[in-house]
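Content type TSV, C-alpha atoms and all ligand atoms, from the file run.tsv:
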chain	number	residue	atom	x	y	z
G	1	MET	CA	71.33	105.04	101.81
G	2	ASN	CA	70.17	102.35	99.46
G	3	ASN	CA	72.83	101.99	96.78
G	4	LEU	CA	70.73	99.65	94.73
G	5	ASN	CA	68.01	102.28	94.39
G	6	ASP	CA	70.59	104.85	93.35
G	7	ALA	CA	71.97	102.38	90.81
G	8	LYS	CA	68.45	101.93	89.42
G	9	LEU	CA	68.22	105.69	89.13
G	10	ILE	CA	71.48	105.77	87.16
G	11	ILE	CA	69.99	103.16	84.85
G	12	ARG	CA	66.81	105.19	84.45
G	13	ILE	CA	68.85	108.23	83.47
G	14	LEU	CA	70.75	106.21	80.86
G	15	ASN	CA	67.49	104.69	79.59
G	16	ARG	CA	65.98	108.15	79.22
G	17	GLU	CA	68.94	109.14	77.05
G	18	GLY	CA	68.21	106.18	74.82
G	19	PHE	CA	70.71	103.62	76.14
G	20	ASP	CA	70.21	100.15	77.54
G	21	ALA	CA	71.62	99.69	81.02
G	22	PHE	CA	71.51	97.09	83.77
G	23	ILE	CA	72.99	96.29	87.13
G	24	VAL	CA	75.14	93.21	86.58
G	25	GLY	CA	77.32	90.67	88.32
G	26	GLY	CA	78.01	90.41	92.02
G	27	ALA	CA	75.49	93.02	93.15
G	28	VAL	CA	72.57	91.22	91.50
G	29	ARG	CA	73.77	87.87	92.83
G	30	ASP	CA	74.28	89.09	96.38
G	31	HIS	CA	70.99	91.01	96.36
G	32	LEU	CA	69.10	87.84	95.42
G	33	LEU	CA	70.97	85.97	98.15
G	34	LYS	CA	70.08	88.74	100.62
G	35	MET	CA	73.75	89.30	101.32
G	36	PRO	CA	75.42	92.69	101.81
G	37	LEU	CA	76.49	94.22	98.49
G	38	ASN	CA	80.13	94.90	97.68
G	39	ASP	CA	80.47	97.21	94.74
G	40	ILE	CA	77.71	97.79	92.20
G	41	ASP	CA	78.58	97.32	88.53
G	42	ILE	CA	76.46	98.72	85.73
G	43	THR	CA	76.63	97.56	82.15
G	44	THR	CA	75.33	99.77	79.36
G	45	SER	CA	75.16	100.26	75.60
G	46	ALA	CA	76.48	103.81	76.17
G	47	LYS	CA	80.15	104.38	75.34
G	48	PRO	CA	82.44	105.78	78.05
G	49	GLU	CA	82.40	109.31	76.63
G	50	GLU	CA	78.60	109.19	76.51
G	51	VAL	CA	78.37	108.03	80.12
G	52	LEU	CA	80.62	110.93	81.10
G	53	LYS	CA	78.19	113.40	79.50
G	54	PHE	CA	75.58	112.55	82.11
G	55	PHE	CA	77.63	111.68	85.19
G	56	LYS	CA	80.61	112.97	87.04
G	57	GLY	CA	83.38	110.40	86.86
G	58	VAL	CA	86.72	109.28	85.52
G	59	PRO	CA	87.63	106.73	82.87
G	60	THR	CA	89.31	103.91	84.79
G	61	GLY	CA	89.79	101.41	82.00
G	62	VAL	CA	89.13	103.10	78.68
G	63	LYS	CA	90.35	100.14	76.67
G	64	TYR	CA	87.81	97.97	78.45
G	65	GLY	CA	85.09	100.59	78.36
G	66	THR	CA	84.94	101.29	82.08
G	67	VAL	CA	84.28	104.60	83.77
G	68	THR	CA	83.94	105.01	87.50
G	69	ILE	CA	81.20	107.48	88.25
G	70	VAL	CA	80.32	109.20	91.47
G	71	PHE	CA	76.61	109.48	92.14
G	72	ARG	CA	75.28	110.79	95.44
G	73	GLU	CA	78.67	110.21	97.03
G	74	ASN	CA	78.93	106.56	96.00
G	75	LYS	CA	81.05	105.07	93.25
G	76	TYR	CA	79.76	102.83	90.49
G	77	GLU	CA	81.68	101.13	87.72
G	78	VAL	CA	79.85	101.70	84.47
G	79	THR	CA	81.10	99.54	81.62
G	80	THR	CA	80.06	99.48	77.99
G	81	PHE	CA	78.62	96.18	76.73
G	82	ARG	CA	81.57	94.30	75.36
G	83	SER	CA	82.73	90.97	74.10
G	84	GLU	CA	86.27	89.69	74.21
G	85	SER	CA	88.41	87.52	72.01
G	86	GLY	CA	91.93	86.30	71.38
G	87	TYR	CA	93.16	85.34	74.81
G	88	SER	CA	96.54	84.08	73.67
G	89	ASP	CA	98.19	84.53	77.08
G	90	PHE	CA	95.54	82.83	79.24
G	91	ARG	CA	94.98	86.15	80.95
G	92	ARG	CA	93.82	89.17	79.05
G	93	PRO	CA	91.78	89.43	75.89
G	94	GLU	CA	93.65	90.85	72.92
G	95	VAL	CA	90.51	92.25	71.36
G	96	VAL	CA	87.69	93.98	73.14
G	97	ASN	CA	84.63	94.78	71.02
G	98	PHE	CA	81.93	97.14	72.14
G	99	GLU	CA	78.52	95.56	71.63
G	100	THR	CA	74.96	96.80	71.35
G	101	ASP	CA	73.32	93.64	72.70
G	102	VAL	CA	73.60	92.99	76.42
G	103	LYS	CA	73.55	89.26	75.77
G	104	GLU	CA	77.06	89.47	74.27
G	105	ASP	CA	78.20	91.19	77.43
G	106	VAL	CA	76.73	88.55	79.69
G	107	LEU	CA	78.32	85.72	77.72
G	108	ARG	CA	81.85	87.01	78.40
G	109	ARG	CA	81.32	86.78	82.16
G	110	ASP	CA	82.70	83.91	84.20
G	111	PHE	CA	79.97	82.06	86.10
G	112	THR	CA	76.22	81.81	85.57
G	113	ILE	CA	75.53	83.28	89.01
G	114	ASN	CA	77.62	86.31	87.96
G	115	GLY	CA	75.75	86.77	84.69
G	116	LEU	CA	72.41	88.02	85.99
G	117	LEU	CA	71.03	91.43	85.06
G	118	MET	CA	68.68	93.75	86.91
G	119	ASP	CA	66.78	96.52	85.13
G	120	SER	CA	65.55	99.86	86.46
G	121	ASN	CA	62.40	98.25	87.90
G	122	GLY	CA	64.39	95.67	89.82
G	123	ASP	CA	63.34	92.87	87.44
G	124	ILE	CA	65.89	90.14	86.84
G	125	ILE	CA	66.93	89.14	83.32
G	126	ASP	CA	68.67	85.79	83.00
G	127	HIS	CA	70.30	84.77	79.70
G	128	VAL	CA	72.55	82.11	81.22
G	129	GLY	CA	70.55	79.97	83.64
G	130	GLY	CA	71.96	81.87	86.59
G	131	ILE	CA	68.73	81.90	88.61
G	132	LYS	CA	68.47	78.13	88.58
G	133	ASP	CA	72.12	77.82	89.64
G	134	LEU	CA	71.63	80.36	92.39
G	135	GLU	CA	68.67	78.34	93.68
G	136	ASN	CA	70.64	75.11	93.47
G	137	LYS	CA	73.71	76.81	94.95
G	138	VAL	CA	75.97	75.88	92.07
G	139	ILE	CA	79.05	77.57	90.59
G	140	LYS	CA	79.16	76.80	86.89
G	141	THR	CA	80.94	78.51	84.02
G	142	ILE	CA	78.99	80.26	81.32
G	143	GLY	CA	79.80	78.09	78.29
G	144	LEU	CA	82.33	75.28	78.19
G	145	PRO	CA	84.58	75.33	81.26
G	146	ALA	CA	87.72	74.29	79.36
G	147	GLU	CA	87.26	77.16	76.93
G	148	ARG	CA	86.57	79.68	79.64
G	149	PHE	CA	89.56	78.59	81.76
G	150	ASN	CA	91.84	78.65	78.74
G	151	GLU	CA	90.76	82.22	78.05
G	152	ASP	CA	91.48	83.32	81.61
G	153	ALA	CA	93.00	80.86	84.04
G	154	LEU	CA	92.31	83.12	87.01
G	155	ARG	CA	88.68	82.05	86.76
G	156	MET	CA	89.63	78.71	88.32
G	157	LEU	CA	90.69	80.50	91.48
G	158	ARG	CA	87.64	82.72	91.30
G	159	ALA	CA	85.52	79.57	91.46
G	160	PHE	CA	87.16	78.73	94.79
G	161	TYR	CA	86.75	82.30	96.00
G	162	PHE	CA	83.01	82.24	95.29
G	163	GLN	CA	82.75	78.83	96.92
G	164	SER	CA	84.42	80.23	100.03
G	165	LYS	CA	82.22	83.32	100.00
G	166	LEU	CA	78.90	81.64	99.23
G	167	GLY	CA	79.31	78.02	100.32
G	168	PHE	CA	78.05	76.76	96.95
G	169	GLU	CA	79.17	73.55	95.21
G	170	ILE	CA	81.27	73.76	92.06
G	171	GLU	CA	79.40	71.97	89.28
G	172	ALA	CA	80.97	68.61	88.30
G	173	ASP	CA	82.16	69.50	84.77
G	174	THR	CA	83.52	72.81	85.98
G	175	LEU	CA	85.40	71.05	88.78
G	176	LEU	CA	86.78	68.37	86.46
G	177	SER	CA	87.91	71.03	84.02
G	178	ILE	CA	89.76	72.89	86.80
G	179	ASN	CA	91.58	69.66	87.56
G	180	ILE	CA	92.54	69.18	83.92
G	181	ASN	CA	93.56	72.79	83.30
G	182	ARG	CA	95.16	73.54	86.65
G	183	HIS	CA	98.64	73.99	85.15
G	184	LEU	CA	97.40	77.17	83.44
G	185	ILE	CA	97.51	78.90	86.83
G	186	LYS	CA	101.25	79.25	86.18
G	187	GLU	CA	100.40	81.70	83.41
G	188	VAL	CA	98.51	84.06	85.68
G	189	ALA	CA	100.38	86.99	87.23
G	190	ALA	CA	101.35	86.06	90.79
G	191	GLU	CA	99.83	89.32	92.07
G	192	ARG	CA	96.41	88.29	90.82
G	193	VAL	CA	96.73	84.81	92.31
G	194	LEU	CA	97.57	86.37	95.66
G	195	ASP	CA	94.61	88.77	95.44
G	196	GLU	CA	92.26	85.87	94.79
G	197	MET	CA	93.81	83.80	97.60
G	198	ASN	CA	93.37	86.69	100.01
G	199	LYS	CA	89.72	87.14	99.04
G	200	MET	CA	89.16	83.40	99.41
G	201	LEU	CA	90.76	83.30	102.85
G	202	LYS	CA	88.19	85.77	104.15
G	203	GLY	CA	85.22	83.64	103.12
G	204	LYS	CA	82.90	81.97	105.63
G	205	HIS	CA	83.09	78.65	103.79
G	206	LEU	CA	86.85	78.47	103.36
G	207	LEU	CA	86.98	74.75	104.17
G	208	LYS	CA	84.75	73.98	101.20
G	209	ALA	CA	87.17	75.85	98.96
G	210	PHE	CA	90.14	73.98	100.48
G	211	ASP	CA	88.39	70.71	99.80
G	212	SER	CA	87.91	71.65	96.14
G	213	ILE	CA	91.49	72.90	95.82
G	214	LEU	CA	92.71	69.50	97.01
G	215	LYS	CA	90.25	67.52	94.87
G	216	THR	CA	91.38	69.40	91.76
G	217	GLN	CA	95.06	69.31	92.83
G	218	VAL	CA	95.31	73.05	92.32
G	219	ASP	CA	97.48	73.20	95.44
G	220	GLU	CA	100.32	71.99	93.19
G	221	PHE	CA	100.33	75.51	91.74
G	222	LEU	CA	100.07	77.43	95.00
G	223	PRO	CA	103.73	77.34	96.04
G	224	GLY	CA	104.33	76.40	99.65
G	225	LEU	CA	100.65	76.22	100.64
G	226	SER	CA	99.90	72.58	99.98
G	227	LYS	CA	100.84	71.15	103.39
G	228	GLY	CA	98.93	73.88	105.20
G	229	ILE	CA	95.79	73.41	103.13
G	230	LYS	CA	95.92	69.62	103.64
G	231	TYR	CA	96.45	69.98	107.37
G	232	LEU	CA	93.57	72.43	107.81
G	233	ASN	CA	91.31	70.35	105.60
G	234	GLU	CA	92.02	67.28	107.74
G	235	THR	CA	91.64	69.05	111.07
G	236	LYS	CA	88.70	71.19	109.86
G	237	GLN	CA	90.14	74.52	110.94
G	238	ASP	CA	89.96	77.83	109.09
G	239	PRO	CA	92.19	80.40	110.75
G	240	LYS	CA	92.41	84.01	109.63
G	241	PRO	CA	94.72	84.86	106.71
G	242	ILE	CA	97.93	85.77	108.58
G	243	ILE	CA	97.68	82.60	110.67
G	244	PHE	CA	96.92	80.55	107.57
G	245	TYR	CA	100.00	81.76	105.69
G	246	SER	CA	102.23	81.46	108.76
G	247	LEU	CA	101.05	77.93	109.39
G	248	ALA	CA	101.47	76.86	105.79
G	249	PHE	CA	104.97	78.33	105.57
G	250	SER	CA	105.95	76.92	108.96
G	251	LEU	CA	105.10	73.46	107.64
G	252	ASN	CA	106.79	74.28	104.35
G	253	LYS	CA	109.90	75.66	106.15
G	254	ILE	CA	110.39	78.46	103.62
G	255	ILE	CA	108.29	81.34	102.26
G	256	PRO	CA	108.44	81.01	98.46
G	257	SER	CA	109.44	84.21	96.65
G	258	TYR	CA	106.53	83.53	94.27
G	259	TRP	CA	104.09	85.26	96.63
G	260	LYS	CA	104.09	89.02	96.13
G	261	PHE	CA	103.40	90.01	99.71
G	262	SER	CA	104.23	93.57	100.76
G	263	ASN	CA	107.64	93.82	102.41
G	264	ASN	CA	106.01	94.41	105.78
G	265	TYR	CA	103.71	91.44	105.51
G	266	ARG	CA	106.50	89.14	104.34
G	267	TYR	CA	108.71	90.27	107.22
G	268	LYS	CA	105.90	89.59	109.66
G	269	LEU	CA	105.35	86.11	108.21
G	270	LYS	CA	109.08	85.41	108.38
G	271	GLN	CA	109.16	86.34	112.05
G	272	ILE	CA	106.12	84.22	112.94
G	273	VAL	CA	107.52	81.24	111.02
G	274	GLU	CA	110.88	81.60	112.82
G	275	LEU	CA	109.13	81.63	116.18
G	276	VAL	CA	106.81	78.72	115.42
G	277	ASN	CA	109.74	76.62	114.23
G	278	ASN	CA	112.13	77.44	117.08
G	279	ASN	CA	111.04	74.27	118.88
G	280	ARG	CA	110.86	75.61	122.40
G	281	MET	CA	108.53	77.61	124.61
G	282	PHE	CA	108.64	81.36	124.04
G	283	ASN	CA	110.90	83.21	126.44
G	284	ASN	CA	111.72	86.78	127.43
G	285	GLU	CA	114.20	87.11	124.60
G	286	ASP	CA	111.52	86.19	122.04
G	287	LEU	CA	109.11	88.71	123.54
G	288	TYR	CA	111.76	91.41	123.57
G	289	HIS	CA	113.04	90.77	120.05
G	290	TYR	CA	109.77	89.97	118.23
G	291	GLY	CA	107.23	91.90	120.31
G	292	LEU	CA	104.06	90.66	121.96
G	293	GLU	CA	101.81	90.71	118.90
G	294	THR	CA	104.10	88.50	116.82
G	295	VAL	CA	104.69	86.03	119.66
G	296	LEU	CA	100.93	85.77	120.22
G	297	GLN	CA	100.42	85.08	116.52
G	298	ALA	CA	103.10	82.39	116.60
G	299	ASN	CA	101.37	80.94	119.64
G	300	GLU	CA	98.10	80.94	117.67
G	301	VAL	CA	99.78	79.01	114.85
G	302	ARG	CA	101.00	76.45	117.40
G	303	THR	CA	97.45	76.23	118.76
G	304	VAL	CA	96.13	75.40	115.30
G	305	LEU	CA	98.98	72.89	114.92
G	306	LYS	CA	97.86	71.37	118.24
G	307	GLN	CA	101.34	71.81	119.67
G	308	LYS	CA	102.18	72.61	123.24
G	309	ILE	CA	101.40	76.26	123.88
G	310	GLN	CA	101.53	78.97	126.50
G	311	SER	CA	98.41	80.78	127.57
G	312	TYR	CA	97.67	84.22	126.22
G	313	LYS	CA	97.75	85.51	129.80
G	314	THR	CA	101.18	84.03	130.52
G	315	LEU	CA	102.69	85.61	127.44
G	316	GLU	CA	101.05	88.94	128.13
G	317	LYS	CA	102.37	88.93	131.67
G	318	MET	CA	105.87	87.93	130.53
G	319	TYR	CA	105.80	90.85	128.14
G	320	SER	CA	104.54	93.41	130.61
G	321	ASP	CA	107.09	92.19	133.17
G	322	LEU	CA	110.01	92.68	130.79
G	323	GLU	CA	112.57	94.96	132.44
G	324	ILE	CA	113.08	96.80	129.16
G	325	LYS	CA	111.13	96.86	125.90
G	326	SER	CA	113.95	98.38	123.83
G	327	SER	CA	117.67	99.09	124.21
G	328	LEU	CA	116.67	102.75	124.63
G	329	ASP	CA	115.27	101.75	128.01
G	330	LEU	CA	118.74	100.74	129.25
G	331	LYS	CA	120.04	102.99	132.02
G	332	PHE	CA	123.57	102.77	130.60
G	333	ARG	CA	123.58	103.53	126.89
G	334	GLY	CA	125.92	103.47	123.89
G	335	ARG	CA	127.26	106.99	124.41
G	336	ASP	CA	128.00	106.16	128.06
G	337	ILE	CA	129.96	103.13	126.94
G	338	LEU	CA	132.07	105.20	124.52
G	339	GLN	CA	132.72	107.83	127.12
G	340	ILE	CA	133.85	105.49	129.79
G	341	THR	CA	135.97	103.21	127.58
G	342	ASN	CA	137.47	105.99	125.49
G	343	ARG	CA	137.33	103.73	122.44
G	344	LYS	CA	136.14	104.38	118.89
G	345	ALA	CA	132.55	103.61	117.99
G	346	GLY	CA	132.01	100.39	116.02
G	347	ALA	CA	130.06	97.17	115.83
G	348	TRP	CA	131.53	96.14	119.17
G	349	VAL	CA	129.28	98.64	120.98
G	350	ASN	CA	126.17	96.97	119.62
G	351	ASN	CA	127.48	93.53	120.48
G	352	LEU	CA	128.12	94.65	124.02
G	353	ILE	CA	124.69	96.28	124.26
G	354	ASN	CA	123.07	93.07	122.98
G	355	GLU	CA	124.76	91.10	125.70
G	356	ILE	CA	123.61	93.62	128.31
G	357	VAL	CA	120.04	93.54	126.93
G	358	ASN	CA	119.92	89.75	127.16
G	359	LYS	CA	121.25	89.79	130.70
G	360	VAL	CA	118.76	92.45	131.73
G	361	ILE	CA	115.70	90.74	130.25
G	362	ASN	CA	116.81	87.44	131.76
G	363	LYS	CA	117.21	89.23	135.09
G	364	GLU	CA	120.93	88.42	135.33
G	365	LEU	CA	121.72	92.12	135.51
G	366	GLU	CA	119.68	94.88	137.05
G	367	ASN	CA	118.84	97.87	134.85
G	368	ASP	CA	120.68	100.32	137.09
G	369	TYR	CA	123.25	102.91	135.99
G	370	GLU	CA	125.98	101.92	138.44
G	371	ILE	CA	125.49	98.19	137.98
G	372	LEU	CA	125.57	98.37	134.20
G	373	LYS	CA	128.57	100.71	134.29
G	374	ASP	CA	130.41	98.24	136.47
G	375	PHE	CA	129.56	95.43	134.05
G	376	VAL	CA	130.87	97.47	131.10
G	377	VAL	CA	134.12	98.31	132.88
G	378	LYS	CA	134.75	94.67	133.64
G	379	ASN	CA	133.71	93.29	130.25
G	380	PHE	CA	134.31	95.76	127.42
G	381	GLU	CA	137.70	94.33	126.52
G	382	ARG	CA	136.05	91.12	125.34
G	383	PHE	CA	134.36	93.13	122.56
A	401	LIG	P1	82.56	90.31	94.61
A	401	LIG	O1	82.60	91.76	94.29
A	401	LIG	O2	81.60	89.93	95.65
A	401	LIG	O3	83.92	89.76	94.85
A	401	LIG	P2	81.75	90.01	91.87
A	401	LIG	O4	80.93	88.97	91.19
A	401	LIG	O5	81.21	91.39	91.85
A	401	LIG	O6	82.04	89.50	93.31
A	401	LIG	P3	84.06	91.16	90.64
A	401	LIG	O7	85.45	90.66	90.63
A	401	LIG	O8	83.75	92.42	91.35
A	401	LIG	O9	83.16	89.98	91.17
A	401	LIG	O10	83.66	91.28	89.10
A	401	LIG	C1	82.41	91.80	88.70
A	401	LIG	C2	81.80	90.95	87.59
A	401	LIG	O11	82.65	90.98	86.45
A	401	LIG	C3	81.61	89.49	87.92
A	401	LIG	O12	80.40	89.24	88.59
A	401	LIG	C4	81.67	88.84	86.56
A	401	LIG	O13	80.44	88.97	85.92
A	401	LIG	C5	82.68	89.69	85.82
A	401	LIG	N1	84.06	89.18	85.93
A	401	LIG	C6	85.01	89.56	86.81
A	401	LIG	N2	86.17	88.91	86.61
A	401	LIG	C7	85.97	88.11	85.55
A	401	LIG	C8	86.78	87.19	84.83
A	401	LIG	N3	88.06	86.97	85.19
A	401	LIG	N4	86.23	86.56	83.77
A	401	LIG	C9	84.95	86.79	83.41
A	401	LIG	N5	84.14	87.63	84.04
A	401	LIG	C10	84.62	88.29	85.10
A	402	MG	MG	82.20	93.05	92.67

Could you render the structure from this file as C-alpha cells?
Ligand code: ATP
Ligand code: MG
Amino acid sequence: MNNLNDAKLIIRILNREGFDAFIVGGAVRDHLLKMPLNDIDITTSAKPEEVLKFFKGVPTGVKYGTVTIVFRENKYEVTTFRSESGYSDFRRPEVVNFETDVKEDVLRRDFTINGLLMDSNGDIIDHVGGIKDLENKVIKTIGLPAERFNEDALRMLRAFYFQSKLGFEIEADTLLSININRHLIKEVAAERVLDEMNKMLKGKHLLKAFDSILKTQVDEFLPGLSKGIKYLNETKQDPKPIIFYSLAFSLNKIIPSYWKFSNNYRYKLKQIVELVNNNRMFNNEDLYHYGLETVLQANEVRTVLKQKIQSYKTLEKMYSDLEIKSSLDLKFRGRDILQITNRKAGAWVNNLINEIVNKVINKELENDYEILKDFVVKNFERF
C-alpha cells in the first residue's frame, strides 16, 4: 500500500471541504531523498474538531492541535496550522496560536529540510529554502539558529540525529550556534535527550554525528558518554546502541543516574560494564551468573576496545558445557539440605548452595546426589 497516495487522498478530502492541507516534514524530506518513510504528518487549516468530522481518529494533543486519524488502516498525524511563542523554559511554547496561513506553520519548524510541503498533486512547496539545502545536503535552522535553539534546546540534538540519519553536514552558523548554546541542553528533560540519543545511535552516519558532537563540545552535557564518543570517533567504529552505552560507561566507570533507561536496560548495562571491567578472561562463573548473551555483549565491547578477547565459539562452548545453568539444576537442593541437617532455614542455606554451585561449575564437585550430600554433611557446619 502506498501511504503517500493515501495521504494525498486525505488532503484532497480536506481540500474539498474547503481547507488547506499538505503533507509536511519528514515524509516529504524522505520521499525526495528516496528513503523509506517513517510516519506521515499532515498540516491543515482545519481545526481538530473539524478534522474529526471527516475522519475516524482521536485527539492526541488537543492543545497543540493534533489528531491522529486512521485511514485505510494506517495512522496519520493531522495538525492544525499553528505558530508558537513564549518559550520561557527552553522546551515548550507557552502560547500556541492556530493559523490560517501555512507559511506560519512552516516557520515554527526546526530545519529547512523539515519545512517542505507537498500538496495533493505531489507538488512541492518550499517557503524556507529547503529544496536547495536538501540538494546540498545541509542541515540548517529555519531562521536564526540562536533564536531557534533558545526556544527549544532539543533541536540541537535533533540536528545530530538528522546528521546521523541522512549523512548531511550541519551548516556552519548552525554548528557554531550549537557550540555557543550547548549548555541549554541541561534544560531539556532527560527523557527527551535519551530518546534523541537512541534515534541518533541507529543512524547509518553515526560517526558524522559524533564528530559534530565533539566539535561543538555537546558531549559535556551528555553525562558519562564523552570518553566513549571520543574513543569511537578516533577509532572510527559505530557499534549498535547497547554496545555503545556499555562501552561508554565502561570507560566512564559508572552509569550516571541522569539517563532514564528502563530498569531492565540499566540492569543489563550494569552487568555488561561489570564484566568488561573485571580485568580477566571470562570464566564458567561469569557464564553461569550473567548468562551467555550478556557475556557475549561484554566480549563485543572488549572487541571494540581492542582488548584481548575470547572467540564467540569458545564462549558458546563454555556455556553449553556448563554442568548446571541454574541452582535448580543441582541434584541436591535446598530442601534436601534442610532435611539432612535438621537446621532452620536461613541465609546460610543460600551461602552453602552458592559454594556448591561454584564447585560444580568449576568441576570440583560432580553434580550427583550422593556426592553433593556427602559434601553437605561434611561442610554444613561452616555455614
Ligand atoms: P523522522 O520521523 O524521520 O525522525 P521527522 O522530520 O518526521 O523525522 P519528527 O520528530 O517526526 O521528525 O517531527 C515531524 C516534524 O515536526 C519535523 O519534520 C519538523 O518539521 C517538526 N518538528 C518536530 N520536532 C520539532 C522541534 N523540536 N522544533 C521544531 N519543529 C519540530
Ligand atoms: Mg516523523

Would you compute an axis-aligned box for region 201-212 of chain G, covering every atom listed for it in the file with 6 Å of margin on each side, and report centre and edge lengths in Å to one decimal as lines of an AutoDock Vina configuration file?
center_x = 86.8
center_y = 78.2
center_z = 100.9
size_x = 19.9
size_y = 27.1
size_z = 21.5

Please, which residues in chain G fall within 12 Å of ligand MG 402 (chain A) when counting only C-alpha atoms and all ligand atoms, and what is the closest atom pair and distance in Å to one decimal for each, ordered by chain then residue number, as JSON lines?
{"residue": "G:Ile23", "atom": "CA", "partner": "A:MG402", "partner_atom": "MG", "distance": 11.2}
{"residue": "G:Val24", "atom": "CA", "partner": "A:MG402", "partner_atom": "MG", "distance": 9.3}
{"residue": "G:Gly25", "atom": "CA", "partner": "A:MG402", "partner_atom": "MG", "distance": 7.0}
{"residue": "G:Gly26", "atom": "CA", "partner": "A:MG402", "partner_atom": "MG", "distance": 5.0}
{"residue": "G:Ala27", "atom": "CA", "partner": "A:MG402", "partner_atom": "MG", "distance": 6.7}
{"residue": "G:Val28", "atom": "CA", "partner": "A:MG402", "partner_atom": "MG", "distance": 9.9}
{"residue": "G:Arg29", "atom": "CA", "partner": "A:MG402", "partner_atom": "MG", "distance": 9.9}
{"residue": "G:Asp30", "atom": "CA", "partner": "A:MG402", "partner_atom": "MG", "distance": 9.6}
{"residue": "G:His31", "atom": "CA", "partner": "A:MG402", "partner_atom": "MG", "distance": 12.0}
{"residue": "G:Pro36", "atom": "CA", "partner": "A:MG402", "partner_atom": "MG", "distance": 11.4}
{"residue": "G:Leu37", "atom": "CA", "partner": "A:MG402", "partner_atom": "MG", "distance": 8.2}
{"residue": "G:Asn38", "atom": "CA", "partner": "A:MG402", "partner_atom": "MG", "distance": 5.7}
{"residue": "G:Asp39", "atom": "CA", "partner": "A:MG402", "partner_atom": "MG", "distance": 5.0}
{"residue": "G:Ile40", "atom": "CA", "partner": "A:MG402", "partner_atom": "MG", "distance": 6.5}
{"residue": "G:Asp41", "atom": "CA", "partner": "A:MG402", "partner_atom": "MG", "distance": 7.0}
{"residue": "G:Ile42", "atom": "CA", "partner": "A:MG402", "partner_atom": "MG", "distance": 10.6}
{"residue": "G:Tyr76", "atom": "CA", "partner": "A:MG402", "partner_atom": "MG", "distance": 10.3}
{"residue": "G:Glu77", "atom": "CA", "partner": "A:MG402", "partner_atom": "MG", "distance": 9.5}
{"residue": "G:Asn114", "atom": "CA", "partner": "A:MG402", "partner_atom": "MG", "distance": 9.4}
{"residue": "G:Arg158", "atom": "CA", "partner": "A:MG402", "partner_atom": "MG", "distance": 11.8}
{"residue": "G:Phe162", "atom": "CA", "partner": "A:MG402", "partner_atom": "MG", "distance": 11.2}
{"residue": "G:Lys199", "atom": "CA", "partner": "A:MG402", "partner_atom": "MG", "distance": 11.5}

Report the distance between CA of Asp173 (chain G) and atom P1 of ligand LIG 401 (chain A) in Å, rounded to one decimal place.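 So the answer is 23.0 Å.
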
Calculate how many Å separate CA of Gly167 (chain G) from CA of His205 (chain G), rounding to one decimal.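 So the two atoms, CA of Gly167 (chain G) and CA of His205 (chain G), lie 5.2 Å apart.
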
The residue from G:Arg182, G:Lys140, G:Lys202, G:Arg335 with the smallest atom-to-atom distance to Pro241 (chain G), counting only C-alpha atoms, is G:Lys202

In Å, how far is it from CA of Phe261 (chain G) to CA of Glu274 (chain G)?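 These two atoms are separated by 17.3 Å.
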
List the spatial neighbours of Leu292 (chain G) as a list in words - criterion: any atom at most 12 Å away, all atoms listed in the file, same-chain residues fewer than 3 positions off excluded.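 Final neighbour list, sorted by chain and number: Gln271, Ile272, Leu275, Phe282, Asn283, Asn284, Glu285, Asp286, Leu287, Tyr288, His289, Val295, Leu296, Gln297, Ala298, Asn299, Tyr312, Lys313, Thr314, Leu315, Glu316, Lys317, Met318, Tyr319, Ser320, Asp321, Leu322 and Lys325 of chain G.
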
Please produce an output containing C-alpha atoms for each residue in the selection, written as a compact mmCIF listing (two decimals), in the coordinates of the input.
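Result went into result-v9.txt, see below:
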# COMPACT_ATOMS: atom_id res chain seq x y z
CA GLN G 271 109.16 86.34 112.05
CA ILE G 272 106.12 84.22 112.94
CA LEU G 275 109.13 81.63 116.18
CA PHE G 282 108.64 81.36 124.04
CA ASN G 283 110.90 83.21 126.44
CA ASN G 284 111.72 86.78 127.43
CA GLU G 285 114.20 87.11 124.60
CA ASP G 286 111.52 86.19 122.04
CA LEU G 287 109.11 88.71 123.54
CA TYR G 288 111.76 91.41 123.57
CA HIS G 289 113.04 90.77 120.05
CA VAL G 295 104.69 86.03 119.66
CA LEU G 296 100.93 85.77 120.22
CA GLN G 297 100.42 85.08 116.52
CA ALA G 298 103.10 82.39 116.60
CA ASN G 299 101.37 80.94 119.64
CA TYR G 312 97.67 84.22 126.22
CA LYS G 313 97.75 85.51 129.80
CA THR G 314 101.18 84.03 130.52
CA LEU G 315 102.69 85.61 127.44
CA GLU G 316 101.05 88.94 128.13
CA LYS G 317 102.37 88.93 131.67
CA MET G 318 105.87 87.93 130.53
CA TYR G 319 105.80 90.85 128.14
CA SER G 320 104.54 93.41 130.61
CA ASP G 321 107.09 92.19 133.17
CA LEU G 322 110.01 92.68 130.79
CA LYS G 325 111.13 96.86 125.90

Spatial neighbours of Pro256 (chain G), 12 Å, all atoms listed in the file, chain gap at least 6 places, as a list in words: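 My reading of the contact set: Ala190, Phe221, Leu222, Pro223, Gly224, Leu225, Tyr245, Ala248, Phe249, Ser250, Arg266, Leu269 and Lys270 of chain G.
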
Kindly indicate which residue among G:Phe55, G:Trp259, G:Phe168, G:Phe383 lies nearest to Val138 (chain G), using only C-alpha atoms for the distances.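 Residue with the minimum atom-to-atom distance to Val138 (chain G): G:Phe168.
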
Go through G:Asn362, G:Asn5, G:Ser83, G:Thr294 and flag the residue nearest ligand LIG 401 (chain A), using all atoms listed in the file for the distances. G:Ser83

Among the residues G:Gly86, G:Pro239, G:Gly228, G:Gly115, the one that comes closest to ligand LIG 401 (chain A) [using only C-alpha atoms and all ligand atoms]: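 Among G:Gly86, G:Pro239, G:Gly228, G:Gly115, it is G:Gly115 that comes nearest to ligand LIG 401 (chain A).
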
List the spatial neighbours of Thr68 (chain G) as a list in words - criterion: any atom at most 8 Å away, all atoms listed in the file, same-chain residues fewer than 3 positions off excluded. Gly57, Val58, Pro59, Thr60, Lys75, Tyr76, Glu77 and Val78 of chain G

Pick the closest to ligand LIG 401 (chain A) from G:Phe71, G:Phe375, G:Tyr64, G:Phe19: which is it, counting all atoms listed in the file?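 That would be G:Tyr64, the residue with the smallest distance to ligand LIG 401 (chain A).
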
Taking only C-alpha atoms into account, which of G:Asp119, G:Asp238, G:Glu151, G:Asp133 comes nearest Leu4 (chain G)?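 Between G:Asp119, G:Asp238, G:Glu151, G:Asp133, the residue approaching Leu4 (chain G) most closely is G:Asp119.
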